[in-house]
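Engineer: Input structure: data-v3.csv, which contains CSV, C-alpha atoms.
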```
chain,number,residue,atom,x,y,z
A,1184,MET,CA,0.0,0.0,0.0
A,1185,ASN,CA,1.6,3.3,-1.1
A,1186,GLU,CA,1.7,6.3,1.2
A,1187,GLN,CA,-1.1,8.2,-0.5
A,1188,LEU,CA,-3.5,5.3,-0.3
A,1189,LEU,CA,-2.6,4.6,3.4
A,1190,ARG,CA,-3.3,8.3,4.2
A,1191,LEU,CA,-6.7,8.1,2.5
A,1192,VAL,CA,-7.7,4.9,4.4
A,1193,THR,CA,-6.5,6.4,7.6
A,1194,GLU,CA,-8.5,9.6,7.1
A,1195,ARG,CA,-11.7,7.6,6.3
A,1196,VAL,CA,-11.2,5.4,9.4
A,1197,MET,CA,-10.8,8.5,11.5
A,1198,GLU,CA,-13.9,10.0,10.0
A,1199,LYS,CA,-15.9,6.9,10.8
A,1200,LEU,CA,-14.6,6.8,14.4
A,1201,LYS,CA,-15.4,10.5,14.9
A,1202,ALA,CA,-19.0,9.9,13.6
A,1203,PHE,CA,-19.3,6.9,15.9
A,1204,GLU,CA,-18.1,8.9,18.9
A,1205,ALA,CA,-20.6,11.7,18.1
A,1206,GLN,CA,-23.5,9.2,18.4
A,1207,LYS,CA,-22.5,8.0,21.9
A,1208,ILE,CA,-24.8,9.1,24.7
A,1209,PRO,CA,-23.6,8.9,28.3
A,1210,ILE,CA,-25.8,7.4,30.9
A,1211,GLY,CA,-26.9,9.1,34.2
A,1212,VAL,CA,-28.4,6.7,36.7
A,1213,SER,CA,-31.0,8.4,38.8
A,1214,ASN,CA,-31.7,7.2,42.3
A,1215,ARG,CA,-35.0,8.1,44.2
A,1216,HIS,CA,-35.1,11.8,44.8
A,1217,VAL,CA,-37.4,14.8,45.6
A,1218,HIS,CA,-38.0,18.2,44.0
A,1219,VAL,CA,-39.7,20.7,46.2
A,1220,THR,CA,-41.4,24.1,46.0
A,1221,GLN,CA,-40.0,27.0,48.1
A,1222,GLU,CA,-43.2,26.8,50.2
A,1223,ASP,CA,-42.8,23.1,50.9
A,1224,LEU,CA,-39.1,23.5,51.6
A,1225,GLU,CA,-39.9,26.0,54.3
A,1226,THR,CA,-42.4,23.7,55.8
A,1227,LEU,CA,-39.8,20.9,55.9
A,1228,PHE,CA,-36.8,22.9,57.0
A,1229,GLY,CA,-38.0,26.2,58.5
A,1230,LYS,CA,-39.1,29.7,57.4
A,1231,GLY,CA,-36.7,31.4,54.9
A,1232,TYR,CA,-34.7,28.2,54.4
A,1233,ALA,CA,-32.6,27.9,51.2
A,1234,LEU,CA,-31.2,24.7,49.6
A,1235,THR,CA,-27.5,24.2,49.9
A,1236,LYS,CA,-25.5,22.6,47.1
A,1237,LYS,CA,-23.7,19.3,47.7
A,1238,SER,CA,-22.5,18.8,44.1
A,1239,ASP,CA,-23.4,19.9,40.6
A,1240,LEU,CA,-25.3,17.5,38.3
A,1241,LYS,CA,-24.5,17.2,34.6
A,1242,GLN,CA,-27.5,19.2,33.5
A,1243,PRO,CA,-26.6,22.9,33.7
A,1244,GLY,CA,-28.1,24.6,36.8
A,1245,GLN,CA,-29.2,21.4,38.4
A,1246,PHE,CA,-27.6,20.2,41.7
A,1247,ALA,CA,-27.8,17.6,44.4
A,1248,CYS,CA,-28.5,19.2,47.8
A,1249,ASN,CA,-27.1,18.5,51.2
A,1250,GLU,CA,-30.7,18.3,52.4
A,1251,THR,CA,-32.4,14.9,52.7
A,1252,VAL,CA,-35.9,13.9,53.7
A,1253,THR,CA,-38.0,10.8,54.5
A,1254,ILE,CA,-40.6,9.8,52.0
A,1255,ARG,CA,-43.5,7.9,53.5
A,1256,GLY,CA,-46.2,5.8,51.9
A,1257,PRO,CA,-49.1,3.6,53.1
A,1258,LYS,CA,-46.8,0.5,53.6
A,1259,GLY,CA,-43.3,1.8,54.2
A,1260,GLU,CA,-40.8,4.7,54.0
A,1261,PHE,CA,-37.4,5.6,52.7
A,1262,PRO,CA,-35.2,7.9,54.9
A,1263,GLY,CA,-32.3,9.9,53.6
A,1264,VAL,CA,-33.9,10.7,50.2
A,1265,ARG,CA,-31.9,13.6,48.6
A,1266,ILE,CA,-33.5,16.8,47.4
A,1267,LEU,CA,-32.4,18.0,44.0
A,1268,GLY,CA,-32.3,21.8,43.3
A,1269,PRO,CA,-33.2,24.4,42.4
A,1270,VAL,CA,-36.7,24.7,43.9
A,1271,ARG,CA,-39.6,24.0,41.5
A,1272,LYS,CA,-43.1,25.3,40.9
A,1273,GLN,CA,-44.5,21.9,42.0
A,1274,SER,CA,-43.1,19.3,44.4
A,1275,GLN,CA,-42.4,16.0,42.8
A,1276,ILE,CA,-41.1,12.6,44.0
A,1277,GLU,CA,-39.3,10.3,41.5
A,1278,ILE,CA,-38.9,6.6,42.5
A,1279,SER,CA,-38.4,3.3,40.8
A,1280,LYS,CA,-40.9,0.5,40.4
A,1281,THR,CA,-39.1,-1.5,43.2
A,1282,ASP,CA,-39.4,1.5,45.5
A,1283,SER,CA,-43.1,1.7,44.9
A,1284,PHE,CA,-43.7,-1.8,46.3
A,1285,ARG,CA,-42.1,-0.8,49.6
A,1286,LEU,CA,-44.0,2.4,49.8
A,1287,GLY,CA,-47.3,0.8,48.9
A,1288,ILE,CA,-48.3,3.0,45.9
A,1289,ARG,CA,-48.7,2.5,42.1
A,1290,PRO,CA,-47.2,5.6,40.4
A,1291,PRO,CA,-47.5,5.8,36.6
A,1292,ILE,CA,-44.5,6.2,34.3
A,1293,ARG,CA,-44.5,9.9,33.4
A,1294,GLU,CA,-42.4,12.7,31.9
A,1295,SER,CA,-41.2,14.9,34.7
A,1296,GLY,CA,-43.7,17.6,35.6
A,1297,CYS,CA,-46.7,15.6,34.3
A,1298,LEU,CA,-48.3,15.0,37.7
A,1299,SER,CA,-52.0,15.1,37.2
A,1300,GLY,CA,-53.7,12.0,38.6
A,1301,THR,CA,-50.5,10.6,40.2
A,1302,PRO,CA,-50.5,9.3,43.8
A,1303,GLY,CA,-49.1,11.4,46.7
A,1304,LEU,CA,-46.7,10.7,49.5
A,1305,GLU,CA,-45.8,12.3,52.8
A,1306,ILE,CA,-42.4,14.1,52.9
A,1307,VAL,CA,-40.9,14.5,56.3
A,1308,GLY,CA,-38.2,17.0,57.1
A,1309,PRO,CA,-36.5,18.1,60.4
A,1310,LYS,CA,-39.0,21.0,61.0
A,1311,GLY,CA,-42.3,19.6,59.6
A,1312,SER,CA,-44.0,17.4,57.0
A,1313,VAL,CA,-45.8,17.9,53.7
A,1314,THR,CA,-48.5,15.5,52.5
A,1315,LEU,CA,-48.8,15.7,48.7
A,1316,THR,CA,-52.1,14.8,47.1
A,1317,GLU,CA,-50.2,14.0,43.9
A,1318,GLY,CA,-46.6,14.1,42.7
A,1319,ALA,CA,-45.1,10.6,42.8
A,1320,ILE,CA,-43.9,9.2,39.4
A,1321,ILE,CA,-41.6,6.7,37.9
A,1322,ALA,CA,-39.7,8.9,35.4
A,1323,LEU,CA,-40.1,8.1,31.7
A,1324,ARG,CA,-36.6,7.2,30.5
A,1325,HIS,CA,-35.4,10.1,28.4
A,1326,ILE,CA,-32.4,11.7,26.7
A,1327,HIS,CA,-31.3,15.3,27.1
A,1328,MET,CA,-29.5,16.9,24.1
A,1329,THR,CA,-28.8,20.2,22.4
A,1330,PRO,CA,-30.4,21.2,19.1
A,1331,GLU,CA,-27.0,20.6,17.3
A,1332,GLN,CA,-26.8,17.1,18.8
A,1333,ALA,CA,-30.4,16.3,17.8
A,1334,GLU,CA,-29.7,17.3,14.2
A,1335,ALA,CA,-26.5,15.2,14.1
A,1336,MET,CA,-28.5,12.2,15.5
A,1337,GLY,CA,-31.5,12.7,13.2
A,1338,VAL,CA,-34.0,13.3,16.0
A,1339,ARG,CA,-36.3,16.0,17.2
A,1340,ASP,CA,-37.7,17.2,20.5
A,1341,LYS,CA,-40.4,14.8,21.8
A,1342,ASP,CA,-39.4,12.0,19.5
A,1343,ILE,CA,-39.7,8.5,21.0
A,1344,VAL,CA,-36.8,6.3,20.1
A,1345,GLU,CA,-35.1,3.0,20.9
A,1346,VAL,CA,-31.6,2.9,22.3
A,1347,GLU,CA,-29.0,0.1,22.5
A,1348,THR,CA,-26.9,-0.3,25.6
A,1349,PHE,CA,-23.2,-1.2,25.6
A,1350,GLY,CA,-22.5,-2.0,29.3
A,1351,GLU,CA,-21.7,-5.5,30.7
A,1352,ARG,CA,-25.1,-6.8,29.7
A,1353,HIS,CA,-26.4,-5.9,26.3
A,1354,GLY,CA,-29.9,-4.6,26.0
A,1355,VAL,CA,-32.4,-2.4,24.2
A,1356,PHE,CA,-34.6,0.3,25.8
A,1357,GLY,CA,-37.8,1.3,24.0
A,1358,ASP,CA,-40.1,4.3,24.7
A,1359,VAL,CA,-37.2,6.7,25.2
A,1360,LEU,CA,-38.3,10.3,25.1
A,1361,VAL,CA,-36.0,12.8,23.4
A,1362,ARG,CA,-35.8,16.2,25.1
A,1363,VAL,CA,-34.0,19.0,23.1
A,1364,SER,CA,-32.9,22.4,24.5
A,1365,ASP,CA,-29.9,24.6,24.2
A,1366,LYS,CA,-29.8,24.5,28.0
A,1367,PHE,CA,-29.2,20.7,28.1
A,1368,ALA,CA,-26.1,18.6,28.3
A,1369,LEU,CA,-26.0,15.3,26.4
A,1370,GLU,CA,-27.2,12.5,28.8
A,1371,MET,CA,-29.7,9.7,29.0
A,1372,HIS,CA,-31.5,9.3,32.4
A,1373,VAL,CA,-32.5,5.9,33.6
A,1374,ASP,CA,-33.6,4.8,37.1
A,1375,VAL,CA,-31.8,2.2,39.3
A,1376,ASP,CA,-34.0,-0.6,38.2
A,1377,GLU,CA,-33.3,0.0,34.5
A,1378,ALA,CA,-29.6,0.5,35.1
A,1379,ASN,CA,-29.4,-2.8,37.0
A,1380,ALA,CA,-31.3,-4.7,34.3
A,1381,CYS,CA,-28.5,-3.9,31.9
A,1382,ALA,CA,-25.6,-3.6,34.3
A,1383,LEU,CA,-25.2,0.1,33.5
A,1384,SER,CA,-23.3,2.7,35.6
A,1385,ASN,CA,-22.8,6.4,35.3
A,1386,ASN,CA,-20.9,7.3,32.1
A,1387,ASP,CA,-21.5,4.0,30.3
A,1388,TYR,CA,-23.1,4.9,27.0
A,1389,VAL,CA,-26.0,4.1,24.7
A,1390,MET,CA,-26.7,4.8,21.1
A,1391,ILE,CA,-30.0,5.5,19.3
A,1392,ARG,CA,-31.0,2.6,17.2
A,1393,LYS,CA,-31.7,3.5,13.6
A,1394,PRO,CA,-34.7,2.0,11.7
```
Is it possible to give me this structure as structure tokens?
Structural biologist:
Amino acid sequence: MNEQLLRLVTERVMEKLKAFEAQKIPIGVSNRHVHVTQEDLETLFGKGYALTKKSDLKQPGQFACNETVTIRGPKGEFPGVRILGPVRKQSQIEISKTDSFRLGIRPPIRESGCLSGTPGLEIVGPKGSVTLTEGAIIALRHIHMTPEQAEAMGVRDKDIVEVETFGERHGVFGDVLVRVSDKFALEMHVDVDEANACALSNNDYVMIRKP
């Protein structure tokens, strides 16, 4: 193989590798957590209380808080459930299917923020408690990405796609919601049950399956 041909083959291989890397979506495994309104936060922790940051999350402006609470259902409870910030317009509890058995509720699989008709839970903090009439969900698995990344992957906001996993245990996830915004960072969110099913950890990757 002469030098010119070798250089051409090398360039094409590098182009394919670059295209492959651009399609890889890192995984973020989401444990049970709580989002709260400012009003509910003050009921739980005291008047005028503000959330304190423990660590930044990958999505810009989102963070894990030092504050934790107990979530309590008809059959059981989980202490030490972390609050994620910043505060929201409506309090929300995200759990896994396995968690729901212990709590004794049957939450639907929903996109974050779609809380109408969902079961409630009691949230217990050091200064008080809040009983939600609705707000507990199993989060619909979803991918955050920028408009540029969506264009490169051939998808649009609110598309439902299949993704293929490449962890220790190969698998395919269906019903994956695509969420597109210039405020997002590329990441697919799955809960602990889903991650365990395919032996996935944070920063493993998936790829959207093409028809």
Engineer: Could you state the separation of CA of Pro1309 (chain A) and CA of Thr1251 (chain A) in Å, given to one decimal place?
Structural biologist: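 A separation of 9.3 Å between them.
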Engineer: Using only C-alpha atoms, which protein or nucleic acid residues come within 12 Å of Gln1332 (chain A)? Drop anything in the same chain fewer than 4 positions from it, and give the result as a ChimeraX atom specification.
Structural biologist: /A:1202,1204-1208,1326-1328,1336-1340,1361-1365,1367-1370
Engineer: Given all atoms listed in the file, how would the per-residue table for region 1254-1277 of chain A near region 1211-1225 of chain A read, listing every residue at most 7 Å away with its closest atom pair and distance in Å to one decimal, sorted by chain and number, as CSV?
Structural biologist:
```
residue,atom,partner,partner_atom,distance
A:Val1264,CA,A:His1216,CA,5.6
A:Arg1265,CA,A:His1216,CA,5.3
A:Ile1266,CA,A:Val1217,CA,4.7
A:Leu1267,CA,A:His1218,CA,5.6
A:Gly1268,CA,A:His1218,CA,6.8
A:Val1270,CA,A:Thr1220,CA,5.2
A:Arg1271,CA,A:Thr1220,CA,4.8
A:Lys1272,CA,A:Thr1220,CA,5.5
A:Gln1273,CA,A:Thr1220,CA,5.5
A:Ser1274,CA,A:Val1219,CA,4.1
A:Gln1275,CA,A:His1218,CA,5.1
A:Ile1276,CA,A:Val1217,CA,4.6
A:Glu1277,CA,A:Arg1215,CA,5.5
```
Engineer: Give me, please, the distance in Å between CA of Leu1383 (chain A) and CA of Asp1282 (chain A), quoted to one decimal.
Structural biologist: 18.6 Å
Engineer: How many Å lie between CA of Gly1256 (chain A) and CA of Lys1230 (chain A), rounded to one decimal?
Structural biologist: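 CA of Lys1230 (chain A) lies at a distance of 25.5 Å from CA of Gly1256 (chain A).
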Engineer: Pick out the residues sitting within 9 Å of Phe1261 (chain A), and hand them over as a list in words; count only C-alpha atoms, and ignore anything fewer than 4 positions along from it in its own chain.
Structural biologist: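 Contacts, with the query itself left out: Val1252, Thr1253, Ile1254, Arg1255, Gly1256, Asp1282, Arg1285 and Leu1286 of chain A.
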Engineer: Quick one: residues within 8 Å of Cys1381 (chain A), all atoms listed in the file, excluding same-chain residues fewer than 6 positions away - as a list in words?
Structural biologist: Thr1348, Gly1350, Glu1351, Arg1352, His1353 and Gly1354 of chain A
Engineer: Distance cut-off 7 Å, centre (-49.5, 12.9, 39.8) in file coordinates, counting all atoms listed in the file: which residues qualify? Return them as a PyMOL selection string.
Structural biologist: chain A and resi 1297-1302+1317-1320
Engineer: So which residues touch Asp1376 (chain A) within 8 Å, counting all atoms listed in the file, skipping near sequence neighbours fewer than 3 positions away, as an NGL selection string?
Structural biologist: :A and (1279-1281 or 1379-1380)
Engineer: Would you please work out which residue, of A:Ser1238, A:Ser1312, A:Thr1329, A:Asn1385, is nearest to Thr1226 (chain A) when using only C-alpha atoms?
Structural biologist: A:Ser1312
Engineer: Would you mind listing what lies within 10 Å of Pro1243 (chain A) as a PyMOL selection string, with all atoms listed in the file counted and same-chain residues fewer than 2 positions away left out?
Structural biologist: chain A and resi 1239-1241+1245-1246+1366-1368
Engineer: Using all atoms listed in the file, which of the listed residues (A:Ala1378, A:Val1344, A:Ala1233, A:Glu1334) sits closest to Met1390 (chain A)?
Structural biologist: A:Val1344
